[in-house]
Structure formats: structure tokens, C-alpha cells
file target26.tsv (TSV, C-alpha atoms)
chain	number	residue	atom	x	y	z
A	1	MET	CA	133.95	64.40	233.40
A	2	MET	CA	134.71	64.69	229.69
A	3	LEU	CA	133.87	68.06	228.17
A	4	ASN	CA	133.19	68.54	224.44
A	5	ARG	CA	133.18	71.64	222.30
A	6	THR	CA	133.20	72.53	218.60
A	7	MET	CA	135.18	75.50	217.29
A	8	ASP	CA	135.84	76.39	213.64
A	9	SER	CA	134.74	72.86	212.60
A	10	PHE	CA	137.22	71.25	215.04
A	11	HIS	CA	135.59	68.89	217.54
A	12	PHE	CA	137.41	68.96	220.89
A	13	GLY	CA	137.30	66.74	223.94
A	14	PHE	CA	139.08	67.53	227.21
A	15	LEU	CA	139.01	66.99	230.96
A	16	LEU	CA	140.52	70.33	231.96
A	17	ASN	CA	138.15	73.24	231.41
A	18	LEU	CA	139.91	74.85	228.44
A	19	THR	CA	138.91	78.35	227.38
A	20	ASP	CA	137.83	79.46	223.91
A	21	SER	CA	141.16	81.28	223.60
A	22	GLN	CA	143.12	78.11	224.38
A	23	LEU	CA	141.07	76.07	221.92
A	24	ALA	CA	141.52	78.71	219.23
A	25	THR	CA	145.29	78.59	219.77
A	26	LEU	CA	145.28	74.81	219.33
A	27	ALA	CA	143.08	74.97	216.23
A	28	GLY	CA	145.53	77.40	214.65
A	29	LEU	CA	148.41	74.96	215.22
A	30	PHE	CA	146.79	71.78	213.91
A	31	ASP	CA	147.59	72.47	210.26
A	32	HIS	CA	151.26	73.26	210.88
A	33	PRO	CA	153.13	70.19	212.15
A	34	ASP	CA	156.83	70.58	212.88
A	35	PRO	CA	159.20	67.62	212.47
A	36	ILE	CA	159.94	67.00	216.15
A	37	ASP	CA	162.19	63.98	216.62
A	38	VAL	CA	160.02	62.03	219.06
A	39	SER	CA	161.87	58.74	218.65
A	40	VAL	CA	165.34	57.62	217.61
A	41	LEU	CA	163.60	54.69	215.93
A	42	GLY	CA	161.77	57.00	213.57
A	43	GLY	CA	158.09	56.49	212.85
A	44	ARG	CA	155.26	58.30	211.12
A	45	THR	CA	154.25	60.68	213.90
A	46	ALA	CA	154.50	64.41	213.26
A	47	ALA	CA	154.36	66.74	216.24
A	48	THR	CA	154.26	70.40	217.12
A	49	ALA	CA	155.65	71.98	220.28
A	50	ALA	CA	153.60	74.90	221.55
A	51	GLN	CA	153.03	77.14	224.54
A	52	LEU	CA	149.42	77.11	225.74
A	53	ASP	CA	148.40	79.97	228.04
A	54	GLY	CA	147.41	78.67	231.48
A	55	ILE	CA	148.82	75.20	230.73
A	56	GLY	CA	152.43	75.70	229.67
A	57	PRO	CA	154.46	73.74	227.11
A	58	VAL	CA	152.46	71.12	225.21
A	59	ILE	CA	153.04	68.68	222.36
A	60	ILE	CA	150.48	68.32	219.58
A	61	LYS	CA	150.50	64.89	217.94
A	62	HIS	CA	149.32	64.74	214.31
A	63	TYR	CA	148.09	61.28	213.34
A	64	ARG	CA	149.64	59.83	210.17
A	65	ARG	CA	148.91	56.67	208.20
A	66	GLY	CA	151.40	53.87	207.61
A	67	GLY	CA	151.66	51.20	204.95
A	68	LEU	CA	150.81	51.72	201.29
A	69	LEU	CA	147.78	53.87	202.14
A	70	ARG	CA	150.06	56.67	203.29
A	71	TYR	CA	150.93	57.40	199.66
A	72	PHE	CA	147.28	58.13	198.89
A	73	ILE	CA	145.69	59.32	202.16
A	74	LYS	CA	148.44	60.30	204.56
A	75	ASP	CA	146.43	61.77	207.44
A	76	ARG	CA	142.73	60.94	207.04
A	77	TYR	CA	140.73	58.12	208.57
A	78	LEU	CA	137.25	56.70	208.12
A	79	ASN	CA	134.99	57.63	211.00
A	80	PHE	CA	133.66	54.52	212.75
A	81	GLY	CA	132.62	55.92	216.12
A	82	LYS	CA	135.43	57.10	218.37
A	83	THR	CA	138.39	58.67	216.58
A	84	ARG	CA	141.97	57.51	217.10
A	85	SER	CA	142.79	60.63	219.08
A	86	GLN	CA	139.81	60.11	221.40
A	87	ARG	CA	140.69	56.46	222.01
A	88	GLU	CA	144.30	57.30	222.82
A	89	PHE	CA	143.26	60.21	225.05
A	90	GLU	CA	140.90	57.99	227.03
A	91	LEU	CA	143.49	55.24	227.38
A	92	LEU	CA	146.10	57.73	228.60
A	93	ASP	CA	143.63	58.93	231.23
A	94	ILE	CA	143.11	55.33	232.41
A	95	VAL	CA	146.80	54.45	232.33
A	96	GLY	CA	147.82	57.59	234.20
A	97	ALA	CA	145.32	56.80	236.98
A	98	LEU	CA	147.03	53.41	237.40
A	99	GLY	CA	150.30	55.13	238.34
A	100	ILE	CA	152.01	54.62	234.99
A	101	ASN	CA	154.10	57.58	233.86
A	102	ILE	CA	152.71	59.04	230.65
A	103	PRO	CA	152.50	62.57	229.21
A	104	GLN	CA	149.43	64.17	230.80
A	105	PRO	CA	146.60	64.27	228.25
A	106	ILE	CA	145.24	67.80	227.77
A	107	ALA	CA	142.83	67.49	224.83
A	108	TYR	CA	141.98	65.56	221.70
A	109	ALA	CA	140.43	66.88	218.50
A	110	HIS	CA	139.27	65.84	215.07
A	111	ARG	CA	137.96	67.54	211.97
A	112	GLY	CA	135.71	65.97	209.36
A	113	ARG	CA	132.73	63.63	209.37
A	114	ILE	CA	133.17	60.62	207.09
A	115	LEU	CA	136.90	61.18	206.63
A	116	TYR	CA	138.58	62.90	209.55
A	117	ARG	CA	141.97	64.21	210.63
A	118	ALA	CA	142.96	63.88	214.29
A	119	TRP	CA	145.20	65.45	216.92
A	120	LEU	CA	146.19	64.74	220.52
A	121	VAL	CA	147.50	67.38	222.93
A	122	THR	CA	149.63	66.35	225.90
A	123	ARG	CA	151.75	68.20	228.42
A	124	GLU	CA	155.36	68.39	227.28
A	125	ILE	CA	157.98	66.25	229.05
A	126	HIS	CA	160.93	68.46	229.92
A	127	GLN	CA	163.98	67.67	227.78
A	128	PRO	CA	163.14	64.03	227.04
A	129	LEU	CA	165.80	61.59	225.90
A	130	SER	CA	164.68	58.27	224.49
A	131	LEU	CA	166.01	55.11	226.07
A	132	ALA	CA	167.20	54.07	222.60
A	133	ARG	CA	169.35	57.16	222.25
A	134	LEU	CA	170.51	56.99	225.86
A	135	SER	CA	171.64	53.39	225.36
A	136	LEU	CA	173.84	54.50	222.44
A	137	GLN	CA	175.27	57.46	224.34
A	138	ASP	CA	175.72	56.00	227.83
A	139	GLU	CA	175.08	52.26	228.06
A	140	LYS	CA	175.82	52.14	231.79
A	141	LYS	CA	173.23	54.82	232.59
A	142	ALA	CA	170.70	53.13	230.31
A	143	SER	CA	171.30	49.88	232.18
A	144	THR	CA	170.54	51.61	235.48
A	145	THR	CA	167.41	53.21	234.01
A	146	MET	CA	166.03	49.79	233.08
A	147	ALA	CA	164.87	49.21	236.68
A	148	SER	CA	162.30	52.01	236.26
A	149	VAL	CA	161.38	50.76	232.79
A	150	ILE	CA	160.66	47.29	234.17
A	151	GLU	CA	158.50	48.81	236.91
A	152	GLN	CA	156.43	50.71	234.34
A	153	ILE	CA	155.98	47.75	231.99
A	154	SER	CA	155.10	45.49	234.92
A	155	LEU	CA	152.28	47.89	235.81
A	156	LEU	CA	150.98	47.61	232.25
A	157	ILE	CA	150.97	43.82	232.49
A	158	GLN	CA	149.40	43.73	235.96
A	159	ASN	CA	146.57	45.96	234.74
A	160	ASP	CA	146.06	44.12	231.40
A	161	ILE	CA	147.03	47.11	229.23
A	162	LEU	CA	148.42	46.42	225.77
A	163	HIS	CA	150.76	49.05	224.32
A	164	VAL	CA	151.04	47.78	220.74
A	165	ASP	CA	154.37	49.44	219.92
A	166	LEU	CA	156.44	49.41	223.10
A	167	HIS	CA	160.14	49.69	222.28
A	168	PRO	CA	163.15	51.72	223.52
A	169	GLY	CA	162.23	54.61	221.24
A	170	ASN	CA	158.87	55.01	222.96
A	171	VAL	CA	160.43	55.15	226.42
A	172	VAL	CA	161.89	58.52	227.41
A	173	VAL	CA	163.80	59.87	230.40
A	174	ASP	CA	163.37	63.49	231.50
A	175	VAL	CA	165.92	65.79	233.16
A	176	ARG	CA	164.97	64.39	236.59
A	177	GLU	CA	165.65	60.86	235.28
A	178	GLN	CA	161.94	60.04	235.45
A	179	VAL	CA	160.86	57.38	232.94
A	180	TYR	CA	157.78	57.91	230.75
A	181	LEU	CA	156.02	55.68	228.22
A	182	LEU	CA	154.87	57.30	224.96
A	183	ASP	CA	152.54	56.57	222.03
A	184	PHE	CA	149.54	54.55	223.19
A	185	ASP	CA	147.88	54.81	219.77
A	186	LYS	CA	145.84	51.64	219.11
A	187	GLY	CA	146.50	50.46	222.69
A	188	ARG	CA	143.72	48.71	224.55
A	189	VAL	CA	142.72	46.52	227.45
A	190	TYR	CA	144.11	43.05	226.73
A	191	HIS	CA	141.81	40.05	227.18
A	192	GLY	CA	144.40	37.28	226.84
A	193	SER	CA	146.59	35.87	229.59
A	194	ARG	CA	149.20	38.04	231.27
A	195	GLN	CA	151.89	35.59	230.19
A	196	ASN	CA	150.88	36.16	226.56
A	197	LEU	CA	150.87	39.89	227.16
A	198	LYS	CA	154.37	39.74	228.62
A	199	ASP	CA	155.56	37.64	225.67
A	200	ARG	CA	154.16	40.21	223.24
A	201	TYR	CA	156.01	43.00	224.99
A	202	LEU	CA	159.29	41.09	225.00
A	203	ALA	CA	158.98	40.08	221.33
A	204	ARG	CA	158.24	43.63	220.14
A	205	TRP	CA	161.03	45.05	222.28
A	206	GLN	CA	163.61	42.56	221.00
A	207	ARG	CA	162.65	43.15	217.36
A	208	ALA	CA	163.33	46.86	217.78
A	209	VAL	CA	166.64	46.28	219.59
A	210	ASN	CA	167.83	43.91	216.87
A	211	LYS	CA	166.59	45.98	213.94
A	212	HIS	CA	168.18	49.22	215.11
A	213	GLY	CA	171.43	47.84	216.49
A	214	LEU	CA	170.78	48.82	220.10
A	215	PRO	CA	172.68	47.20	222.98
A	216	GLU	CA	171.45	43.66	223.63
A	217	MET	CA	171.49	44.35	227.36
A	218	LEU	CA	168.20	46.26	226.89
A	219	THR	CA	166.50	42.97	226.07
A	220	ASP	CA	168.46	40.88	228.56
A	221	ILE	CA	167.62	43.14	231.52
A	222	LEU	CA	163.97	43.48	230.54
A	223	GLN	CA	163.56	39.72	230.12
A	224	ALA	CA	165.20	39.04	233.50
A	225	GLY	CA	163.15	41.76	235.21
A	226	LEU	CA	159.81	40.50	233.90
A	227	SER	CA	160.51	36.83	234.68
call {"tool": "encode", "arguments": {"input": "target26.tsv", "output": "C-alpha cells"}}
result
Amino acid sequence: MMLNRTMDSFHFGFLLNLTDSQLATLAGLFDHPDPIDVSVLGGRTAATAAQLDGIGPVIIKHYRRGGLLRYFIKDRYLNFGKTRSQREFELLDIVGALGINIPQPIAYAHRGRILYRAWLVTREIHQPLSLARLSLQDEKKASTTMASVIEQISLLIQNDILHVDLHPGNVVVDVREQVYLLDFDKGRVYHGSRQNLKDRYLARWQRAVNKHGLPEMLTDILQAGLS
């Protein structure tokens, strides 16, 4: 059951029963993003690594705007019901229950009424290496890892889940060689055909591979595995 609490004008939602001390720690970190390199492909996301008592290492995602608006309002959004952090938190909870490997969602938060800022807290993945970076460092190992990537993306398709920005920079491998999918912002349940969903995944993946000069085998293996 989702729990909600307000502290120092921050509105929190969480499934674990977080204490006031834990929430206060998070609130103190929201205004101080560190430039964690979460993807070799870049992106707008800022993140903070932190240690949360009783939970362990966590990552705090700070939502940032893209496009021309980022030059005027870099981190504020109009409030039309659920915030971006709440939507991503809820989708992560659904996706994780389907057996898809994602960072465990710990909490979401926002601050503001009409214009709000938003944050998402997830459990840290131990020493993650993006598939994009792995493919540039060790193409053979990246090729072997693709079997697990295909399994994860197939689960998304079978359960009609659209990840709107799925590319090799949003796939990471931890020290145990476990594959995780990151960044479900703006993701949703997909109401088109599964063939169309698969085509969308392949097209987005190939654009990223081509744009960033990654090994073409990343696309070839994925296309063959999803056929």
C-alpha cells in the first residue's frame, strides 16, 4: 500500500515505511544534485548518490527539462495530477513485479503546487556499467550480455510496457553481470500491437547505436533475438 507524507513542504510517496529521519535526510539532498554519469549516451538527468540509514546506498534522480524550455525552466513542471516522479515510481513497481530487472524504487517526492520540482529515489545498483560503454571496452562480452538484454526487453513487450527511451545507455550490467533497465520516465502501458511495440524498441535502439558510433552487433543481435 502506498504511503504518503509531507515534510518541510516536500510531498513524499513510498511503499517501504520510511522514518522521519530518513525522509529528512532525503529532503536535505534534493537541492544538491551531483553530476553522476548515469549513461555514456549523456542525457539531461542529474543524480545524487547517498547512504540512507536502514536502506543502504541509494540514487536520487533529479528531473530536468529538455528542448528549448530547459533554457527558461530547467527543473519545474506544471502540475496536472500525478507528478513525473510518481508516475515513474508506480511504473517501476509494476515492472519489477513482472520480473523485469530495474532499480528498486524506494520513494518519490515533489515540491510545489502549480509548478513543481520532482525527485525519484531508487536502490543503488552496485558498480553499474552501461551496455554502451561495455560494448566499446569489450565487444565480445557485450555480445554475450545481449542474451539477458533480449530476455528483459521481451518481457516488456509481452507485458505491453513501453519504455520510451530504451537504448544501450539505459541498460546497465552490475558486478554480478546482472542486467538492469533504467529510466522509465514517461513510460506507460502500450495499447498498440506488440509488433508495433517491438518495432518502436528496435528503431529507438538503432538510432542510438548509429548516432553514438556503437558496435552494429548490438542492433543485429537484438533484432535477431526479438524476431
call {"tool": "closest_atom_pairs", "arguments": {"input": "target26.tsv", "of": "range 113-225 of chain A", "to": "range 74-94 of chain A", "cutoff": "9 Å", "atoms": "all atoms listed in the file", "output": "CSV"}}
result
residue,atom,partner,partner_atom,distance
A:Arg113,CA,A:Asn79,CA,6.6
A:Ile114,CA,A:Asn79,CA,5.2
A:Leu115,CA,A:Leu78,CA,4.7
A:Tyr116,CA,A:Arg76,CA,5.2
A:Arg117,CA,A:Arg76,CA,4.9
A:Ala118,CA,A:Ser85,CA,5.8
A:Trp119,CA,A:Ser85,CA,5.8
A:Leu120,CA,A:Ser85,CA,5.5
A:Val121,CA,A:Phe89,CA,8.6
A:Thr122,CA,A:Phe89,CA,8.9
A:Asp183,CA,A:Glu88,CA,8.3
A:Phe184,CA,A:Glu88,CA,5.9
A:Asp185,CA,A:Glu88,CA,5.3
A:Lys186,CA,A:Glu88,CA,6.9
A:Gly187,CA,A:Glu88,CA,7.2
A:Arg188,CA,A:Leu91,CA,7.1
A:Val189,CA,A:Leu91,CA,8.8
call {"tool": "atom_distance", "arguments": {"input": "target26.tsv", "atom1": "CA of Ile60 in chain A", "atom2": "CA of Gly13 in chain A"}}
result
14.0 Å
call {"tool": "residues_around", "arguments": {"input": "target26.tsv", "residues": "Arg204 in chain A", "least_positions_apart": "3", "cutoff": "12 Å", "atoms": "all atoms listed in the file", "output": "list in words"}}
result
Leu162, His163, Val164, Asp165, Leu166, His167, Pro168, Gly169, Asn170, Leu197, Lys198, Asp199, Arg200, Tyr201, Arg207, Ala208, Val209, Asn210, Lys211, Thr219, Leu222 and Gln223 of chain A
call {"tool": "write_last_selection", "arguments": {"input": "target26.tsv", "atoms": "C-alpha atoms", "output": "CSV table (one decimal), keeping the file's coordinate frame"}}
result
chain,number,residue,atom,x,y,z
A,162,LEU,CA,148.4,46.4,225.8
A,163,HIS,CA,150.8,49.0,224.3
A,164,VAL,CA,151.0,47.8,220.7
A,165,ASP,CA,154.4,49.4,219.9
A,166,LEU,CA,156.4,49.4,223.1
A,167,HIS,CA,160.1,49.7,222.3
A,168,PRO,CA,163.2,51.7,223.5
A,169,GLY,CA,162.2,54.6,221.2
A,170,ASN,CA,158.9,55.0,223.0
A,197,LEU,CA,150.9,39.9,227.2
A,198,LYS,CA,154.4,39.7,228.6
A,199,ASP,CA,155.6,37.6,225.7
A,200,ARG,CA,154.2,40.2,223.2
A,201,TYR,CA,156.0,43.0,225.0
A,207,ARG,CA,162.6,43.2,217.4
A,208,ALA,CA,163.3,46.9,217.8
A,209,VAL,CA,166.6,46.3,219.6
A,210,ASN,CA,167.8,43.9,216.9
A,211,LYS,CA,166.6,46.0,213.9
A,219,THR,CA,166.5,43.0,226.1
A,222,LEU,CA,164.0,43.5,230.5
A,223,GLN,CA,163.6,39.7,230.1
call {"tool": "atom_distance", "arguments": {"input": "target26.tsv", "atom1": "CA of Gln178 in chain A", "atom2": "CA of Ala46 in chain A"}}
result
23.8 Å
call {"tool": "residues_near_point", "arguments": {"input": "target26.tsv", "point": "(151.7, 75.7, 230.8)", "cutoff": "12 Å", "atoms": "only C-alpha atoms", "output": "list in words"}}
result
Gln22, Ala49, Ala50, Gln51, Leu52, Asp53, Gly54, Ile55, Gly56, Pro57, Val58, Ile59, Gln104, Ile106, Thr122, Arg123, Glu124, Ile125 and His126 of chain A
call {"tool": "axis_aligned_box", "arguments": {"input": "target26.tsv", "around": "range 97-116 of chain A", "padding_each_side": "6 Å", "output": "lines of an AutoDock Vina configuration file"}}
result
center_x = 143.4
center_y = 60.6
center_z = 222.5
size_x = 33.4
size_y = 26.4
size_z = 43.7
call {"tool": "atom_distance", "arguments": {"input": "target26.tsv", "atom1": "CA of Val173 in chain A", "atom2": "CA of Leu29 in chain A"}}
result
26.4 Å
call {"tool": "residues_around", "arguments": {"input": "target26.tsv", "residues": "range 155-159 of chain A", "least_positions_apart": "5", "cutoff": "9 Å", "atoms": "all atoms listed in the file", "output": "PyMOL selection string"}}
result
chain A and resi 95+98-100+150+189-190+194-195+197-198
call {"tool": "residues_around", "arguments": {"input": "target26.tsv", "residues": "Asn101 in chain A", "least_positions_apart": "6", "cutoff": "9 Å", "atoms": "all atoms listed in the file", "output": "compact mmCIF listing (two decimals) with C-alpha atoms, in the frame of the given file"}}
result
# COMPACT_ATOMS: atom_id res chain seq x y z
CA VAL A 95 146.80 54.45 232.33
CA GLN A 152 156.43 50.71 234.34
CA GLN A 178 161.94 60.04 235.45
CA VAL A 179 160.86 57.38 232.94
CA TYR A 180 157.78 57.91 230.75
CA LEU A 181 156.02 55.68 228.22
CA LEU A 182 154.87 57.30 224.96
call {"tool": "closest_atom_pairs", "arguments": {"input": "target26.tsv", "of": "range 60-139 of chain A", "to": "range 144-149 of chain A", "cutoff": "10 Å", "atoms": "only C-alpha atoms", "output": "CSV"}}
result
residue,atom,partner,partner_atom,distance
A:Leu131,CA,A:Thr145,CA,8.3
A:Leu134,CA,A:Thr145,CA,9.5
A:Ser135,CA,A:Thr145,CA,9.6
A:Glu139,CA,A:Thr144,CA,8.7
call {"tool": "write_last_selection", "arguments": {"input": "target26.tsv", "atoms": "C-alpha atoms", "output": "CSV table (one decimal), keeping the file's coordinate frame"}}
result
chain,number,residue,atom,x,y,z
A,131,LEU,CA,166.0,55.1,226.1
A,134,LEU,CA,170.5,57.0,225.9
A,135,SER,CA,171.6,53.4,225.4
A,139,GLU,CA,175.1,52.3,228.1
call {"tool": "closest_residue", "arguments": {"input": "target26.tsv", "among": "A:Gly225, A:Pro105, A:Gly28, A:Gly192", "to": "Glu151 in chain A", "atoms": "only C-alpha atoms"}}
result
A:Gly225
call {"tool": "closest_residue", "arguments": {"input": "target26.tsv", "among": "A:Glu177, A:Asp160, A:Asp8, A:Asp220", "to": "Ala109 in chain A", "atoms": "only C-alpha atoms"}}
result
A:Asp8
call {"tool": "closest_residue", "arguments": {"input": "target26.tsv", "among": "A:Ala142, A:Ala107, A:Ile161, A:Leu136", "to": "Gly213 in chain A", "atoms": "all atoms listed in the file"}}
result
A:Leu136
call {"tool": "residues_around", "arguments": {"input": "target26.tsv", "residues": "range 1-6 of chain A", "least_positions_apart": "4", "cutoff": "10 Å", "atoms": "all atoms listed in the file", "output": "mmCIF file with C-alpha atoms, in the frame of the given file"}}
result
data_model
loop_
_atom_site.group_PDB
_atom_site.id
_atom_site.type_symbol
_atom_site.label_atom_id
_atom_site.label_comp_id
_atom_site.auth_asym_id
_atom_site.auth_seq_id
_atom_site.Cartn_x
_atom_site.Cartn_y
_atom_site.Cartn_z
ATOM 1 C CA PHE A 10 137.220 71.250 215.040
ATOM 2 C CA HIS A 11 135.590 68.890 217.540
ATOM 3 C CA PHE A 12 137.410 68.960 220.890
ATOM 4 C CA GLY A 13 137.300 66.740 223.940
ATOM 5 C CA PHE A 14 139.080 67.530 227.210
ATOM 6 C CA LEU A 15 139.010 66.990 230.960
ATOM 7 C CA LEU A 16 140.520 70.330 231.960
ATOM 8 C CA ASN A 17 138.150 73.240 231.410
ATOM 9 C CA LEU A 18 139.910 74.850 228.440
ATOM 10 C CA ASP A 20 137.830 79.460 223.910
ATOM 11 C CA LEU A 23 141.070 76.070 221.920
ATOM 12 C CA GLU A 90 140.900 57.990 227.030
ATOM 13 C CA ALA A 107 142.830 67.490 224.830
ATOM 14 C CA TYR A 108 141.980 65.560 221.700
ATOM 15 C CA ALA A 109 140.430 66.880 218.500
ATOM 16 C CA HIS A 110 139.270 65.840 215.070
ATOM 17 C CA ARG A 111 137.960 67.540 211.970
#
